[in-house]
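Coordinates from upload-v7.pdb are shown below (PDB, C-alpha atoms).
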ATOM      1  CA  MET A  18       5.474 -21.425   9.016  1.00  0.00           C
ATOM      2  CA  SER A  19       1.745 -20.769   8.996  1.00  0.00           C
ATOM      3  CA  LYS A  20      -0.375 -20.385   5.859  1.00  0.00           C
ATOM      4  CA  GLN A  21      -0.745 -16.592   6.363  1.00  0.00           C
ATOM      5  CA  GLN A  22       3.028 -16.114   6.660  1.00  0.00           C
ATOM      6  CA  THR A  23       3.606 -18.160   3.517  1.00  0.00           C
ATOM      7  CA  THR A  24       1.213 -16.083   1.390  1.00  0.00           C
ATOM      8  CA  THR A  25       2.563 -12.822   2.820  1.00  0.00           C
ATOM      9  CA  SER A  26       6.132 -13.689   1.893  1.00  0.00           C
ATOM     10  CA  LYS A  27       5.118 -14.572  -1.687  1.00  0.00           C
ATOM     11  CA  GLN A  28       3.079 -11.413  -2.334  1.00  0.00           C
ATOM     12  CA  ALA A  29       5.148  -8.252  -2.448  1.00  0.00           C
ATOM     13  CA  VAL A  30       5.121  -4.770  -3.902  1.00  0.00           C
ATOM     14  CA  TYR A  31       8.247  -2.677  -4.163  1.00  0.00           C
ATOM     15  CA  CYS A  32       9.069   0.885  -3.182  1.00  0.00           C
ATOM     16  CA  LEU A  33      11.008   2.044  -6.235  1.00  0.00           C
ATOM     17  CA  SER A  34      14.571   3.268  -5.790  1.00  0.00           C
ATOM     18  CA  THR A  35      14.679   4.595  -9.381  1.00  0.00           C
ATOM     19  CA  SER A  36      11.995   6.053 -11.601  1.00  0.00           C
ATOM     20  CA  GLY A  37      10.301   3.987 -14.286  1.00  0.00           C
ATOM     21  CA  ARG A  38       7.106   3.514 -16.277  1.00  0.00           C
ATOM     22  CA  CYS A  39       4.125   1.236 -15.765  1.00  0.00           C
ATOM     23  CA  PHE A  40       4.031  -1.514 -18.377  1.00  0.00           C
ATOM     24  CA  GLY A  41       0.209  -1.487 -18.416  1.00  0.00           C
ATOM     25  CA  CYS A  42      -0.776   2.181 -18.617  1.00  0.00           C
ATOM     26  CA  ASP A  43       2.587   3.876 -19.346  1.00  0.00           C
ATOM     27  CA  GLN A  44       2.199   6.095 -16.266  1.00  0.00           C
ATOM     28  CA  LYS A  45       5.437   7.614 -14.964  1.00  0.00           C
ATOM     29  CA  LEU A  46       6.484   6.076 -11.647  1.00  0.00           C
ATOM     30  CA  ALA A  47       8.735   8.258  -9.496  1.00  0.00           C
ATOM     31  CA  THR A  48      11.269   7.237  -6.901  1.00  0.00           C
ATOM     32  CA  GLY A  49       9.402   6.086  -3.788  1.00  0.00           C
ATOM     33  CA  ASP A  50       6.233   5.013  -5.631  1.00  0.00           C
ATOM     34  CA  LEU A  51       4.848   1.536  -5.055  1.00  0.00           C
ATOM     35  CA  ALA A  52       4.838  -0.937  -7.936  1.00  0.00           C
ATOM     36  CA  LYS A  53       4.397  -4.644  -8.470  1.00  0.00           C
ATOM     37  CA  ILE A  54       7.114  -6.412 -10.453  1.00  0.00           C
ATOM     38  CA  THR A  55       6.020  -9.335 -12.619  1.00  0.00           C
ATOM     39  CA  GLU A  56       7.821 -11.635 -15.029  1.00  0.00           C
ATOM     40  CA  GLY A  57       6.754 -11.019 -18.617  1.00  0.00           C
ATOM     41  CA  GLN A  58       7.899 -11.875 -22.102  1.00  0.00           C
ATOM     42  CA  ASN A  59      10.312  -8.918 -22.078  1.00  0.00           C
ATOM     43  CA  GLY A  60      11.780  -9.746 -18.665  1.00  0.00           C
ATOM     44  CA  LYS A  61      10.647  -7.973 -15.523  1.00  0.00           C
ATOM     45  CA  GLU A  62       7.697  -5.611 -15.917  1.00  0.00           C
ATOM     46  CA  LEU A  63       6.637  -2.811 -13.550  1.00  0.00           C
ATOM     47  CA  HIS A  64       2.930  -2.356 -12.892  1.00  0.00           C
ATOM     48  CA  CYS A  65       1.437   0.509 -10.878  1.00  0.00           C
ATOM     49  CA  LEU A  66      -1.025  -0.285  -8.086  1.00  0.00           C
ATOM     50  CA  LYS A  67      -3.984   0.588 -10.318  1.00  0.00           C
ATOM     51  CA  CYS A  68      -2.935  -1.813 -13.096  1.00  0.00           C
ATOM     52  CA  SER A  69      -2.139  -4.488 -10.493  1.00  0.00           C
ATOM     53  CA  GLN A  70      -5.653  -3.972  -9.055  1.00  0.00           C
ATOM     54  CA  LEU A  71      -4.152  -3.159  -5.649  1.00  0.00           C
ATOM     55  CA  ASP A  72      -5.286   0.475  -5.473  1.00  0.00           C
ATOM     56  CA  CYS A  73      -8.107  -0.531  -3.115  1.00  0.00           C
ATOM     57  CA  LEU A  74      -5.567  -1.509  -0.423  1.00  0.00           C
ATOM     58  CA  THR A  75      -4.179   0.846   2.219  1.00  0.00           C
ATOM     59  CA  VAL A  76      -0.531   1.304   3.182  1.00  0.00           C
ATOM     60  CA  LEU A  77       0.315   0.444   6.785  1.00  0.00           C
ATOM     61  CA  ARG A  78       3.900   1.478   7.516  1.00  0.00           C
ATOM     62  CA  SER A  79       6.191  -0.434   9.867  1.00  0.00           C
ATOM     63  CA  GLY A  80       6.556   0.765  13.412  1.00  0.00           C
ATOM     64  CA  ASN A  81       3.703  -0.721  15.410  1.00  0.00           C
ATOM     65  CA  ALA A  82       3.998  -4.505  15.532  1.00  0.00           C
ATOM     66  CA  LYS A  83       0.665  -5.032  17.314  1.00  0.00           C
ATOM     67  CA  VAL A  84      -1.360  -3.053  14.751  1.00  0.00           C
ATOM     68  CA  THR A  85       0.465  -4.706  11.837  1.00  0.00           C
ATOM     69  CA  ARG A  86      -0.082  -8.198  13.230  1.00  0.00           C
ATOM     70  CA  LEU A  87      -3.784  -7.634  13.924  1.00  0.00           C
ATOM     71  CA  ALA A  88      -4.423  -5.906  10.582  1.00  0.00           C
ATOM     72  CA  THR A  89      -2.787  -8.730   8.606  1.00  0.00           C
ATOM     73  CA  LYS A  90      -4.975 -11.245  10.440  1.00  0.00           C
ATOM     74  CA  GLN A  91      -8.145  -9.253   9.664  1.00  0.00           C
ATOM     75  CA  SER A  92      -7.312  -8.607   5.994  1.00  0.00           C
ATOM     76  CA  SER A  93      -7.900 -11.278   3.356  1.00  0.00           C
ATOM     77  CA  THR A  94      -5.324  -9.664   1.026  1.00  0.00           C
ATOM     78  CA  VAL A  95      -1.889  -8.752   2.347  1.00  0.00           C
ATOM     79  CA  TYR A  96       1.134  -7.543   0.376  1.00  0.00           C
ATOM     80  CA  ALA A  97       4.511  -6.779   1.938  1.00  0.00           C
ATOM     81  CA  ILE A  98       6.111  -3.490   0.882  1.00  0.00           C
ATOM     82  CA  LEU A  99       9.806  -4.015   0.201  1.00  0.00           C
ATOM     83  CA  GLN A 100      12.482  -1.366  -0.308  1.00  0.00           C
ATOM     84  CA  TRP A 101      16.056  -1.888  -1.476  1.00  0.00           C
ATOM     85  CA  SER A 102      18.666  -1.061   1.151  1.00  0.00           C
ATOM     86  CA  GLU A 103      21.922   0.217  -0.304  1.00  0.00           C
ATOM     87  CA  LEU A 104      23.643  -0.334   3.036  1.00  0.00           C
ATOM     88  CA  TRP A 105      22.708  -4.009   3.417  1.00  0.00           C
ATOM     89  CA  LYS A 106      22.326  -4.811  -0.313  1.00  0.00           C
ATOM     90  CA  CYS A 107      18.994  -6.565   0.215  1.00  0.00           C
ATOM     91  CA  TYR A 108      15.274  -5.796   0.372  1.00  0.00           C
ATOM     92  CA  GLU A 109      13.811  -4.659   3.697  1.00  0.00           C
ATOM     93  CA  ARG A 110      10.128  -4.726   4.620  1.00  0.00           C
ATOM     94  CA  VAL A 111       8.934  -1.173   5.249  1.00  0.00           C
ATOM     95  CA  GLY A 112       5.217  -1.870   5.627  1.00  0.00           C
ATOM     96  CA  VAL A 113       2.239  -3.825   4.345  1.00  0.00           C
ATOM     97  CA  LEU A 114      -0.722  -3.222   2.050  1.00  0.00           C
ATOM     98  CA  VAL A 115      -3.954  -4.327   3.744  1.00  0.00           C
ATOM     99  CA  GLU A 116      -7.662  -3.786   3.267  1.00  0.00           C
ATOM    100  CA  PRO A 117      -8.999  -0.515   4.769  1.00  0.00           C
ATOM    101  CA  GLN A 118     -11.662  -2.256   6.863  1.00  0.00           C
ATOM    102  CA  ALA A 119      -8.926  -4.332   8.581  1.00  0.00           C
ATOM    103  CA  ILE A 120      -7.295  -1.144   9.865  1.00  0.00           C
ATOM    104  CA  LYS A 121     -10.691   0.183  11.007  1.00  0.00           C
ATOM    105  CA  GLN A 122     -11.365  -3.058  12.909  1.00  0.00           C
ATOM    106  CA  VAL A 123      -7.993  -2.813  14.646  1.00  0.00           C
ATOM    107  CA  ASP A 124      -8.623   0.842  15.564  1.00  0.00           C
ATOM    108  CA  ASN A 125     -12.027  -0.099  17.014  1.00  0.00           C
ATOM    109  CA  LYS A 126     -10.469  -2.814  19.194  1.00  0.00           C
ATOM    110  CA  SER A 127      -7.825  -0.465  20.592  1.00  0.00           C
TER     111      SER A 127
END
Please go through the file and, once you have read it, give me the structure as structure tokens.
Amino acid sequence: MSKQQTTTSKQAVYCLSTSGRCFGCDQKLATGDLAKITEGQNGKELHCLKCSQLDCLTVLRSGNAKVTRLATKQSSTVYAILQWSELWKCYERVGVLVEPQAIKQVDNKS
């Protein structure tokens, strides 16, 4: 496994299947919102993208393997977006969070 694949698999944000609240700013998070889950003193804590300092990243949904592969190579920060699948009872990757300029570079190459 390469270094990029290792860091991508460790860094993840989750597409919420139930509503909740951000532990940092107490903002209401609806079903389908993206949040980072961290371990805290009170167990698992939800943090919105703003509190996680990930609001500068852009969502790139699954569907185009070439664009995803090139954008993850161009971006220095990559987070996988995971969503719980009730059918398979596991998390599935539904996209990635990458830097906006990485997507622009990929669009310019195409």
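Omitting segment 103-108 of chain A and its sequence neighbours fewer than 3 positions away, and counting only C-alpha atoms, the residues within 10 Å are Tyr31, Cys32, Ser34, Ile98, Leu99, Gln100 and Val111 of chain A.
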Within 12 Å of Arg110 of chain A, counting only C-alpha atoms, which residues qualify if same-chain residues fewer than 4 places away don't, as an NGL selection string? :A and (25-26 or 28-32 or 77-80 or 96-102 or 114)
From the list A:Gln44, A:Thr55, A:Thr94, A:Thr85, which residue is nearest Ser69 of chain A when using all atoms listed in the file?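 Distance minimum relative to Ser69 of chain A lands on A:Thr55.
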Return as a PDB file with C-alpha atoms, in the coordinates of the input the set of residues that the PyMOL selection byres ((chain A and resi 64) around 10) yields on the displayed structure.
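The new file expr.pdb reads:
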ATOM      1  CA  VAL A  30       5.121  -4.770  -3.902  1.00  0.00           C
ATOM      2  CA  GLY A  37      10.301   3.987 -14.286  1.00  0.00           C
ATOM      3  CA  ARG A  38       7.106   3.514 -16.277  1.00  0.00           C
ATOM      4  CA  CYS A  39       4.125   1.236 -15.765  1.00  0.00           C
ATOM      5  CA  PHE A  40       4.031  -1.514 -18.377  1.00  0.00           C
ATOM      6  CA  GLY A  41       0.209  -1.487 -18.416  1.00  0.00           C
ATOM      7  CA  CYS A  42      -0.776   2.181 -18.617  1.00  0.00           C
ATOM      8  CA  ASP A  43       2.587   3.876 -19.346  1.00  0.00           C
ATOM      9  CA  GLN A  44       2.199   6.095 -16.266  1.00  0.00           C
ATOM     10  CA  LEU A  46       6.484   6.076 -11.647  1.00  0.00           C
ATOM     11  CA  LEU A  51       4.848   1.536  -5.055  1.00  0.00           C
ATOM     12  CA  ALA A  52       4.838  -0.937  -7.936  1.00  0.00           C
ATOM     13  CA  LYS A  53       4.397  -4.644  -8.470  1.00  0.00           C
ATOM     14  CA  ILE A  54       7.114  -6.412 -10.453  1.00  0.00           C
ATOM     15  CA  THR A  55       6.020  -9.335 -12.619  1.00  0.00           C
ATOM     16  CA  LYS A  61      10.647  -7.973 -15.523  1.00  0.00           C
ATOM     17  CA  GLU A  62       7.697  -5.611 -15.917  1.00  0.00           C
ATOM     18  CA  LEU A  63       6.637  -2.811 -13.550  1.00  0.00           C
ATOM     19  CA  CYS A  65       1.437   0.509 -10.878  1.00  0.00           C
ATOM     20  CA  LEU A  66      -1.025  -0.285  -8.086  1.00  0.00           C
ATOM     21  CA  LYS A  67      -3.984   0.588 -10.318  1.00  0.00           C
ATOM     22  CA  CYS A  68      -2.935  -1.813 -13.096  1.00  0.00           C
ATOM     23  CA  SER A  69      -2.139  -4.488 -10.493  1.00  0.00           C
ATOM     24  CA  GLN A  70      -5.653  -3.972  -9.055  1.00  0.00           C
TER      25      GLN A  70
END
To one decimal place, how far is atom CA of Asp72 of chain A from atom CA of Gln118 of chain A in Å?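 Straight-line distance from atom CA of Asp72 of chain A to atom CA of Gln118 of chain A works out to 14.2 Å.
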To one decimal place in Å, what is the distance between atom CA of Thr89 of chain A and atom CA of Gln122 of chain A?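 Separation between atom CA of Thr89 of chain A and atom CA of Gln122 of chain A: 11.1 Å.
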So how many Å separate atom CA of Thr48 of chain A and atom CA of Leu33 of chain A, to one decimal?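 Computing it gives 5.2 Å between the two atoms.
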Mind working out the centre and edge lengths of an axis-aligned box for segment 82-93 of chain A, all listed atoms inside, 6 Å added to each side, rounded to one decimal in Å and written as JSON?
{"center_x": -2.1, "center_y": -7.2, "center_z": 10.3, "size_x": 24.1, "size_y": 20.2, "size_z": 26.0}
Using all atoms listed in the file, can you tell me which of A:Leu74, A:Val123, A:Val115, A:Ala47 comes closest to Ser92 of chain A? A:Val115
Which residue of A:Asn81, A:Asp50, A:Gly60, A:Cys73 approaches Gly112 of chain A most closely, using only C-alpha atoms: A:Asn81
